[in-house]
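**Student:** The following file, model18.pdb, comprises PDB, C-alpha atoms:
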ATOM      1  CA  MET A   7     111.980  93.857 116.028
ATOM      2  CA  ASN A   8     109.989  93.669 119.235
ATOM      3  CA  LYS A   9     107.836  90.586 119.296
ATOM      4  CA  SER A  10     104.743  92.191 120.858
ATOM      5  CA  ILE A  11     104.592  94.743 118.016
ATOM      6  CA  LEU A  12     104.693  91.880 115.519
ATOM      7  CA  ILE A  13     101.863  90.081 117.346
ATOM      8  CA  LEU A  14      99.759  93.264 117.400
ATOM      9  CA  VAL A  15     100.365  93.948 113.692
ATOM     10  CA  GLN A  16      99.448  90.355 112.835
ATOM     11  CA  ILE A  17      96.176  90.575 114.785
ATOM     12  CA  ILE A  18      95.294  93.897 113.113
ATOM     13  CA  ILE A  19      96.050  92.539 109.628
ATOM     14  CA  LEU A  20      93.936  89.414 110.186
ATOM     15  CA  PHE A  21      91.049  91.465 111.580
ATOM     16  CA  LEU A  22      91.141  93.918 108.667
ATOM     17  CA  PHE A  23      91.109  90.952 106.262
ATOM     18  CA  TRP A  24      88.037  89.551 108.043
ATOM     19  CA  TYR A  25      86.344  92.947 107.876
ATOM     20  CA  LEU A  26      87.162  93.319 104.177
ATOM     21  CA  LEU A  27      85.773  89.894 103.289
ATOM     22  CA  SER A  28      82.614  90.128 105.420
ATOM     23  CA  GLY A  29      81.821  93.785 104.665
ATOM     24  CA  LYS A  30      79.229  94.038 107.437
ATOM     25  CA  ASN A  31      79.232  96.296 110.496
ATOM     26  CA  GLY A  32      77.248  94.195 112.979
ATOM     27  CA  ILE A  33      78.739  93.943 116.455
ATOM     28  CA  LEU A  34      78.345  90.140 116.521
ATOM     29  CA  LEU A  35      80.310  89.575 113.275
ATOM     30  CA  LEU A  36      83.061  91.996 114.289
ATOM     31  CA  SER A  37      83.507  90.361 117.699
ATOM     32  CA  ILE A  38      83.614  86.882 116.137
ATOM     33  CA  GLY A  39      86.304  88.169 113.759
ATOM     34  CA  ALA A  40      88.367  89.654 116.574
ATOM     35  CA  ILE A  41      88.183  86.426 118.594
ATOM     36  CA  CYS A  42      89.115  84.330 115.561
ATOM     37  CA  SER A  43      92.138  86.473 114.715
ATOM     38  CA  ILE A  44      93.378  86.325 118.325
ATOM     39  CA  ILE A  45      93.004  82.513 118.329
ATOM     40  CA  ILE A  46      94.894  82.240 115.032
ATOM     41  CA  VAL A  47      97.739  84.418 116.322
ATOM     42  CA  PHE A  48      98.017  82.271 119.464
ATOM     43  CA  TYR A  49      98.226  79.167 117.289
ATOM     44  CA  LEU A  50     100.896  80.840 115.121
ATOM     45  CA  LEU A  51     102.873  81.648 118.279
ATOM     46  CA  LYS A  52     102.582  78.016 119.352
ATOM     47  CA  ILE A  53     104.118  76.743 116.080
ATOM     48  CA  ARG A  54     106.665  79.648 116.043
ATOM     49  CA  MET A  55     105.524  81.229 112.799
ATOM     50  CA  ILE A  56     105.660  84.858 113.951
ATOM     51  CA  ASP A  57     109.049  86.420 113.248
ATOM     52  CA  ASP A  58     110.615  88.993 110.932
ATOM     53  CA  GLU A  59     110.571  86.546 108.047
ATOM     54  CA  SER A  60     106.832  85.867 108.034
ATOM     55  CA  LEU A  61     105.881  89.517 108.619
ATOM     56  CA  PRO A  62     108.472  91.787 106.965
ATOM     57  CA  ILE A  63     107.003  95.137 108.037
ATOM     58  CA  LYS A  64     110.487  96.701 108.053
ATOM     59  CA  ILE A  65     111.003  96.471 104.308
ATOM     60  CA  LEU A  66     107.351  96.879 103.268
ATOM     61  CA  PRO A  67     107.423 100.675 102.566
ATOM     62  CA  LYS A  68     110.507 100.299 100.358
ATOM     63  CA  ALA A  69     109.049  97.164  98.764
ATOM     64  CA  ILE A  70     106.193  99.171  97.226
ATOM     65  CA  TYR A  71     108.685 101.199  95.159
ATOM     66  CA  TYR A  72     110.375  97.958  94.135
ATOM     67  CA  TRP A  73     107.023  96.449  93.094
ATOM     68  CA  ILE A  74     106.267  99.437  90.858
ATOM     69  CA  TRP A  75     109.694  99.107  89.195
ATOM     70  CA  LEU A  76     109.193  95.336  88.822
ATOM     71  CA  TYR A  77     105.762  95.869  87.246
ATOM     72  CA  LYS A  78     107.281  98.254  84.683
ATOM     73  CA  GLU A  79     109.905  95.614  83.852
ATOM     74  CA  MET A  80     107.164  92.961  83.537
ATOM     75  CA  ILE A  81     105.214  95.075  81.045
ATOM     76  CA  LEU A  82     108.340  95.853  78.975
ATOM     77  CA  SER A  83     109.464  92.237  78.735
ATOM     78  CA  SER A  84     105.882  91.106  78.034
ATOM     79  CA  ILE A  85     105.866  93.374  74.992
ATOM     80  CA  TYR A  86     109.224  91.874  73.935
ATOM     81  CA  ILE A  87     107.929  88.285  74.285
ATOM     82  CA  SER A  88     104.717  89.208  72.441
ATOM     83  CA  LYS A  89     106.806  90.461  69.522
ATOM     84  CA  LEU A  90     108.741  87.154  69.551
ATOM     85  CA  ILE A  91     105.494  85.161  69.505
ATOM     86  CA  LEU A  92     103.774  87.180  66.770
ATOM     87  CA  PHE A  93     106.812  87.352  64.433
ATOM     88  CA  PRO A  94     106.227  84.952  61.514
ATOM     89  CA  ARG A  95     109.603  83.178  61.888
ATOM     90  CA  LEU A  96     109.978  81.974  65.479
ATOM     91  CA  ASN A  97     113.164  83.834  66.406
ATOM     92  CA  ILE A  98     113.947  82.189  69.745
ATOM     93  CA  SER A  99     117.231  80.832  71.080
ATOM     94  CA  PRO A 100     116.673  79.193  74.483
ATOM     95  CA  GLN A 101     119.521  79.496  76.994
ATOM     96  CA  TYR A 102     120.180  77.572  80.197
ATOM     97  CA  PHE A 103     122.804  79.084  82.471
ATOM     98  CA  LYS A 104     123.843  79.688  86.073
ATOM     99  CA  ILE A 105     123.736  83.114  87.653
ATOM    100  CA  LYS A 106     125.354  84.154  90.925
ATOM    101  CA  SER A 107     123.468  86.487  93.237
ATOM    102  CA  LYS A 108     124.965  89.149  95.492
ATOM    103  CA  GLN A 109     122.293  88.730  98.171
ATOM    104  CA  LYS A 110     123.417  87.864 101.680
ATOM    105  CA  SER A 111     120.049  87.291 103.362
ATOM    106  CA  THR A 112     117.758  84.352 102.624
ATOM    107  CA  MET A 113     114.799  86.653 102.044
ATOM    108  CA  GLY A 114     116.603  88.862  99.525
ATOM    109  CA  PHE A 115     117.652  85.745  97.627
ATOM    110  CA  ASN A 116     114.064  84.511  97.690
ATOM    111  CA  ILE A 117     112.772  87.855  96.358
ATOM    112  CA  TYR A 118     115.414  87.755  93.615
ATOM    113  CA  ALA A 119     114.481  84.244  92.462
ATOM    114  CA  ASN A 120     110.758  85.059  92.443
ATOM    115  CA  SER A 121     111.360  88.292  90.523
ATOM    116  CA  ILE A 122     113.325  86.374  87.883
ATOM    117  CA  THR A 123     110.374  84.007  87.470
ATOM    118  CA  LEU A 124     107.825  86.846  87.367
ATOM    119  CA  THR A 125     109.570  88.679  84.544
ATOM    120  CA  PRO A 126     108.436  87.060  81.288
ATOM    121  CA  GLY A 127     111.368  85.566  79.382
ATOM    122  CA  THR A 128     113.292  84.180  82.337
ATOM    123  CA  ILE A 129     112.442  81.328  84.726
ATOM    124  CA  SER A 130     114.476  80.363  87.787
ATOM    125  CA  VAL A 131     114.621  76.580  87.650
ATOM    126  CA  ILE A 132     116.938  75.299  90.394
ATOM    127  CA  ILE A 133     117.860  77.393  93.420
ATOM    128  CA  ASN A 134     120.899  76.748  95.566
ATOM    129  CA  ASN A 135     120.805  78.703  98.799
ATOM    130  CA  SER A 136     124.203  77.616 100.148
ATOM    131  CA  ASN A 137     126.289  79.272  97.427
ATOM    132  CA  LYS A 138     123.535  81.666  96.222
ATOM    133  CA  GLU A 139     123.362  80.368  92.660
ATOM    134  CA  ILE A 140     120.286  80.121  90.441
ATOM    135  CA  ASP A 141     119.895  78.016  87.295
ATOM    136  CA  VAL A 142     117.977  80.245  84.887
ATOM    137  CA  HIS A 143     116.200  79.310  81.667
ATOM    138  CA  SER A 144     115.777  82.229  79.313
ATOM    139  CA  ILE A 145     114.019  82.377  75.971
ATOM    140  CA  SER A 146     116.544  84.422  74.012
ATOM    141  CA  LYS A 147     119.962  86.061  74.252
ATOM    142  CA  ASP A 148     118.500  89.529  74.926
ATOM    143  CA  THR A 149     116.727  88.477  78.115
ATOM    144  CA  LYS A 150     119.945  86.726  79.213
ATOM    145  CA  THR A 151     122.089  89.835  78.740
ATOM    146  CA  SER A 152     119.525  92.042  80.496
ATOM    147  CA  LEU A 153     119.580  89.649  83.446
ATOM    148  CA  LEU A 154     123.391  89.505  83.511
ATOM    149  CA  LYS A 155     123.515  93.304  83.889
ATOM    150  CA  SER A 156     122.241  92.540  87.438
ATOM    151  CA  GLU A 157     120.192  95.720  87.748
ATOM    152  CA  MET A 158     117.503  93.735  89.573
ATOM    153  CA  ASP A 159     120.083  92.256  91.959
ATOM    154  CA  ASN A 160     121.348  95.719  92.938
ATOM    155  CA  LYS A 161     117.790  97.004  93.439
ATOM    156  CA  ILE A 162     116.985  94.137  95.818
ATOM    157  CA  LYS A 163     120.260  94.690  97.673
ATOM    158  CA  LYS A 164     119.253  98.317  98.153
ATOM    159  CA  LEU A 165     115.730  97.247  99.201
ATOM    160  CA  MET A 166     116.993  94.844 101.850
ATOM    161  CA  GLY A 167     119.515  97.395 103.175
ATOM    162  CA  ASP A 168     121.289  95.969 106.221
ATOM    163  CA  ASN A 169     118.237  93.990 107.381
ATOM    164  CA  ASP A 170     119.658  90.533 107.908
ATOM    165  CA  ILE A 171     116.483  88.470 107.785
TER     166      ILE A 171
ATOM    167  CA  MET B  17      82.501 113.676  82.600
ATOM    168  CA  LEU B  18      84.898 112.162  85.142
ATOM    169  CA  GLU B  19      82.984 108.884  85.144
ATOM    170  CA  THR B  20      83.218 108.660  81.356
ATOM    171  CA  ILE B  21      87.010 109.044  81.484
ATOM    172  CA  GLN B  22      87.174 106.416  84.242
ATOM    173  CA  ILE B  23      85.124 103.931  82.205
ATOM    174  CA  ILE B  24      87.136 104.609  79.036
ATOM    175  CA  ILE B  25      90.452 103.982  80.854
ATOM    176  CA  ALA B  26      89.013 100.792  82.375
ATOM    177  CA  TYR B  27      87.885  99.551  78.932
ATOM    178  CA  ILE B  28      91.289 100.292  77.389
ATOM    179  CA  LEU B  29      93.063  98.348  80.148
ATOM    180  CA  LEU B  30      90.615  95.422  79.788
ATOM    181  CA  ILE B  31      91.159  95.286  76.024
ATOM    182  CA  ILE B  32      94.967  95.411  76.337
ATOM    183  CA  GLY B  33      94.852  92.682  78.998
ATOM    184  CA  SER B  34      92.689  90.445  76.806
ATOM    185  CA  LEU B  35      95.090  91.020  73.906
ATOM    186  CA  PHE B  36      97.976  89.822  76.088
ATOM    187  CA  LEU B  37      95.934  86.732  77.039
ATOM    188  CA  LEU B  38      95.301  86.021  73.349
ATOM    189  CA  ILE B  39      98.989  86.437  72.477
ATOM    190  CA  GLY B  40      99.918  84.095  75.328
ATOM    191  CA  ALA B  41      97.499  81.466  74.037
ATOM    192  CA  VAL B  42      98.970  81.749  70.516
ATOM    193  CA  GLY B  43     102.468  81.390  71.963
ATOM    194  CA  LEU B  44     101.405  78.348  73.959
ATOM    195  CA  ILE B  45     100.581  76.628  70.657
ATOM    196  CA  ARG B  46     103.522  77.925  68.617
ATOM    197  CA  MET B  47     106.431  77.302  71.004
ATOM    198  CA  PRO B  48     108.415  74.065  70.548
ATOM    199  CA  ASP B  49     109.053  72.674  74.048
ATOM    200  CA  VAL B  50     107.952  72.843  77.701
ATOM    201  CA  PHE B  51     110.192  75.665  78.885
ATOM    202  CA  THR B  52     109.517  78.028  75.998
ATOM    203  CA  ARG B  53     105.801  77.360  76.425
ATOM    204  CA  MET B  54     106.141  78.382  80.058
ATOM    205  CA  HIS B  55     107.636  81.685  78.895
ATOM    206  CA  ALA B  56     104.596  82.255  76.691
ATOM    207  CA  VAL B  57     102.248  81.495  79.582
ATOM    208  CA  SER B  58     104.081  83.887  81.910
ATOM    209  CA  VAL B  59     103.009  86.729  79.586
ATOM    210  CA  MET B  60      99.405  85.698  80.224
ATOM    211  CA  GLU B  61      99.564  85.245  83.950
ATOM    212  CA  SER B  62     101.683  88.238  84.913
ATOM    213  CA  THR B  63     100.722  90.971  82.480
ATOM    214  CA  GLY B  64      97.391  89.859  81.016
ATOM    215  CA  ALA B  65      95.684  88.904  84.279
ATOM    216  CA  SER B  66      97.068  91.867  86.220
ATOM    217  CA  LEU B  67      96.023  94.399  83.546
ATOM    218  CA  ILE B  68      92.486  92.979  83.541
ATOM    219  CA  ILE B  69      92.290  93.169  87.337
ATOM    220  CA  ILE B  70      93.651  96.751  87.357
ATOM    221  CA  GLY B  71      91.031  97.648  84.743
ATOM    222  CA  LEU B  72      88.299  96.198  86.961
ATOM    223  CA  ILE B  73      89.657  98.142  89.962
ATOM    224  CA  ILE B  74      89.449 101.405  87.981
ATOM    225  CA  TYR B  75      85.975 100.458  86.723
ATOM    226  CA  SER B  76      84.558  99.823  90.208
ATOM    227  CA  GLY B  77      86.073 102.916  91.834
ATOM    228  CA  PHE B  78      87.174 102.981  95.463
ATOM    229  CA  ASN B  79      84.987 100.650  97.524
ATOM    230  CA  SER B  80      85.175  97.237  99.160
ATOM    231  CA  VAL B  81      85.067  95.457  95.788
ATOM    232  CA  SER B  82      88.243  97.182  94.602
ATOM    233  CA  LEU B  83      90.056  96.288  97.853
ATOM    234  CA  LYS B  84      89.082  92.649  97.344
ATOM    235  CA  LEU B  85      90.366  92.880  93.774
ATOM    236  CA  ILE B  86      93.709  94.184  95.073
ATOM    237  CA  VAL B  87      93.944  91.109  97.327
ATOM    238  CA  ILE B  88      93.193  88.883  94.296
ATOM    239  CA  LEU B  89      95.867  90.705  92.243
ATOM    240  CA  LEU B  90      98.539  90.121  94.897
ATOM    241  CA  ALA B  91      97.495  86.468  95.249
ATOM    242  CA  VAL B  92      97.637  85.865  91.465
ATOM    243  CA  ILE B  93     101.108  87.414  91.181
ATOM    244  CA  PHE B  94     102.609  85.593  94.177
ATOM    245  CA  ILE B  95     101.057  82.199  93.374
ATOM    246  CA  SER B  96     101.885  82.261  89.652
ATOM    247  CA  SER B  97     105.606  82.801  90.232
ATOM    248  CA  VAL B  98     105.794  79.925  92.717
ATOM    249  CA  ALA B  99     103.747  77.623  90.452
ATOM    250  CA  THR B 100     105.933  78.378  87.414
ATOM    251  CA  HIS B 101     109.072  77.641  89.405
ATOM    252  CA  ALA B 102     107.597  74.372  90.714
ATOM    253  CA  LEU B 103     106.646  73.284  87.194
ATOM    254  CA  ALA B 104     110.104  74.084  85.772
ATOM    255  CA  ARG B 105     111.849  72.307  88.631
ATOM    256  CA  ALA B 106     109.633  69.245  88.206
ATOM    257  CA  CYS B 107     110.487  69.141  84.477
ATOM    258  CA  ILE B 108     114.251  69.242  85.172
ATOM    259  CA  HIS B 109     113.831  66.665  87.939
ATOM    260  CA  ASP B 110     112.008  64.416  85.482
ATOM    261  CA  GLY B 111     114.949  64.511  83.069
ATOM    262  CA  ILE B 112     113.571  66.802  80.352
ATOM    263  CA  LYS B 113     116.461  68.615  78.671
ATOM    264  CA  PRO B 114     115.912  72.213  77.537
ATOM    265  CA  LEU B 115     115.813  72.521  73.750
ATOM    266  CA  LYS B 116     118.744  74.242  72.044
ATOM    267  CA  ILE B 117     117.834  76.333  69.027
ATOM    268  CA  SER B 118     119.648  79.212  67.407
ATOM    269  CA  ARG B 119     118.111  81.379  64.665
ATOM    270  CA  GLY B 120     115.131  79.094  64.218
ATOM    271  CA  LYS B 121     117.178  75.993  63.389
ATOM    272  CA  GLU B 122     117.564  73.021  65.671
ATOM    273  CA  GLN B 123     121.140  72.094  66.584
TER     274      GLN B 123
END
What would you get if you wrote out this structure as structure tokens?

**Tutor:**
Amino acid sequence: MNKSILILVQIIILFLFWYLLSGKNGILLLSIGAICSIIIVFYLLKIRMIDDESLPIKILPKAIYYWIWLYKEMILSSIYISKLILFPRLNISPQYFKIKSKQKSTMGFNIYANSITLTPGTISVIINNSNKEIDVHSISKDTKTSLLKSEMDNKIKKLMGDNDI
Amino acid sequence: MLETIQIIIAYILLIIGSLFLLIGAVGLIRMPDVFTRMHAVSVMESTGASLIIIGLIIYSGFNSVSLKLIVILLAVIFISSVATHALARACIHDGIKPLKISRGKEQ
């Protein structure tokens, strides 16, 4: 991705955030916001923080579909965990196991580990980036088997496409 | 008429979100060890908090308040996953072994 486009997008995002938080239309406030966002972007350039990894605008349109799917999964497993909690006999069987991911890129692996933690019932505990393995703690056998089906892994692989970030 | 439907949907989402928060709090007390308690809390932070914020977004309609609420929703979701992972990793690092139970009996 061209670097000047990234810089421009970063400035626009920071300025829109300023405008959202201030909520005023005065010319003084808007110019202060523009100057501040330009200064921040120059500082980010100085410490080399602007690249495809910090601003993934390539995968953002596809990521929205993934977020909607992930939210549906979160609601479904929340209902499952709520049933476990409210059942009179506590019917849990905690599992601790390793799972291997199919992701090639660092960012896809990161998204996968965070999605495992976000879904109630599974927590990614220790993450090994060199051989792409995650130690997962799950609350019962059902959440373990649904994770081992690796539906989430395939979705993230599709989301990342051939972007090698 | 439309405003009534909007407010009713917002109230339903707020009530469901509060129910999830209550269930999470009950689970926090009932669960036996650190990791299973974290599972109970993740119901609160992911589903309960996000349903309440979505209810507030529907209640306020489309204005600057709802955009700010969307920013808060994204922040809550991203921060809670990182914080849960950090807590779990710290527990393992500290030498706490995960409990092994099957069918309600300790092994």

**Student:** Please compute the atom CA of Ser121 of chain A-atom CA of Leu38 of chain B distance, one decimal, in Å.

**Tutor:** 23.6 Å

**Student:** Using the chain letters and numbers from the file, which residues does the PyMOL selection byres ((chain B and resi 72-88) around 7) grab, as a list of chain:residue names?

**Tutor:** A:Leu26, B:Gln22, B:Ile23, B:Ala26, B:Ile68, B:Ile69, B:Ile70, B:Gly71, B:Leu89, B:Leu90, B:Ala91, B:Val92

**Student:** What would the file look like if the residues just selected were written as a PDB file, in the frame of the given file with C-alpha atoms?

**Tutor:**
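Below is the file that was written, again-v7.pdb:
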ATOM      1  CA  LEU A  26      87.162  93.319 104.177  1.00  0.00           C
TER       2      LEU A  26
ATOM      3  CA  GLN B  22      87.174 106.416  84.242  1.00  0.00           C
ATOM      4  CA  ILE B  23      85.124 103.931  82.205  1.00  0.00           C
ATOM      5  CA  ALA B  26      89.013 100.792  82.375  1.00  0.00           C
ATOM      6  CA  ILE B  68      92.486  92.979  83.541  1.00  0.00           C
ATOM      7  CA  ILE B  69      92.290  93.169  87.337  1.00  0.00           C
ATOM      8  CA  ILE B  70      93.651  96.751  87.357  1.00  0.00           C
ATOM      9  CA  GLY B  71      91.031  97.648  84.743  1.00  0.00           C
ATOM     10  CA  LEU B  89      95.867  90.705  92.243  1.00  0.00           C
ATOM     11  CA  LEU B  90      98.539  90.121  94.897  1.00  0.00           C
ATOM     12  CA  ALA B  91      97.495  86.468  95.249  1.00  0.00           C
ATOM     13  CA  VAL B  92      97.637  85.865  91.465  1.00  0.00           C
TER      14      VAL B  92
END

**Student:** Determine the residue membership of the ChimeraX specification (/A :<7) & /B for the file above and supply it as a ChimeraX atom specification.

**Tutor:** /B:39,43,52,55,58-59,62-63,80,97,101,104-105,115-120

**Student:** Using atom CA of Gly40 of chain B and atom CA of Leu153 of chain A as the two end points, give the distance in Å to one decimal.

**Tutor:** 22.0 Å

**Student:** For a test of reading the model, state the distance in Å between atom CA of Phe51 of chain B and atom CA of Ala65 of chain B, rounded to one decimal.

**Tutor:**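 About the pair atom CA of Phe51 of chain B and atom CA of Ala65 of chain B: they are 20.4 Å apart.
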
**Student:** Would you mind listing what lies within 10 Å of segment 56-70 of chain A as JSON, numbers by chain, with all atoms listed in the file counted and same-chain residues fewer than 2 positions away left out?

**Tutor:** {"A": [7, 8, 9, 12, 13, 15, 16, 47, 48, 49, 50, 51, 52, 53, 54, 72, 73, 74, 75, 76, 112, 113, 162, 164, 165, 166, 167, 169, 170, 171]}

**Student:** Starting from the PyMOL selection byres ((chain A and resi 138) around 9), expand the selection into actual residues of this file and give them as a VMD selection string.

**Tutor:** chain A and resid 105 to 110 115 133 to 137 139 to 140

**Student:** Within 9 Å of Leu20 of chain A, counting all atoms listed in the file, which residues qualify if same-chain residues fewer than 6 places away don't, as an MDAnalysis selection string?

**Tutor:** chainID A and resid 39:40 42:44 46:47
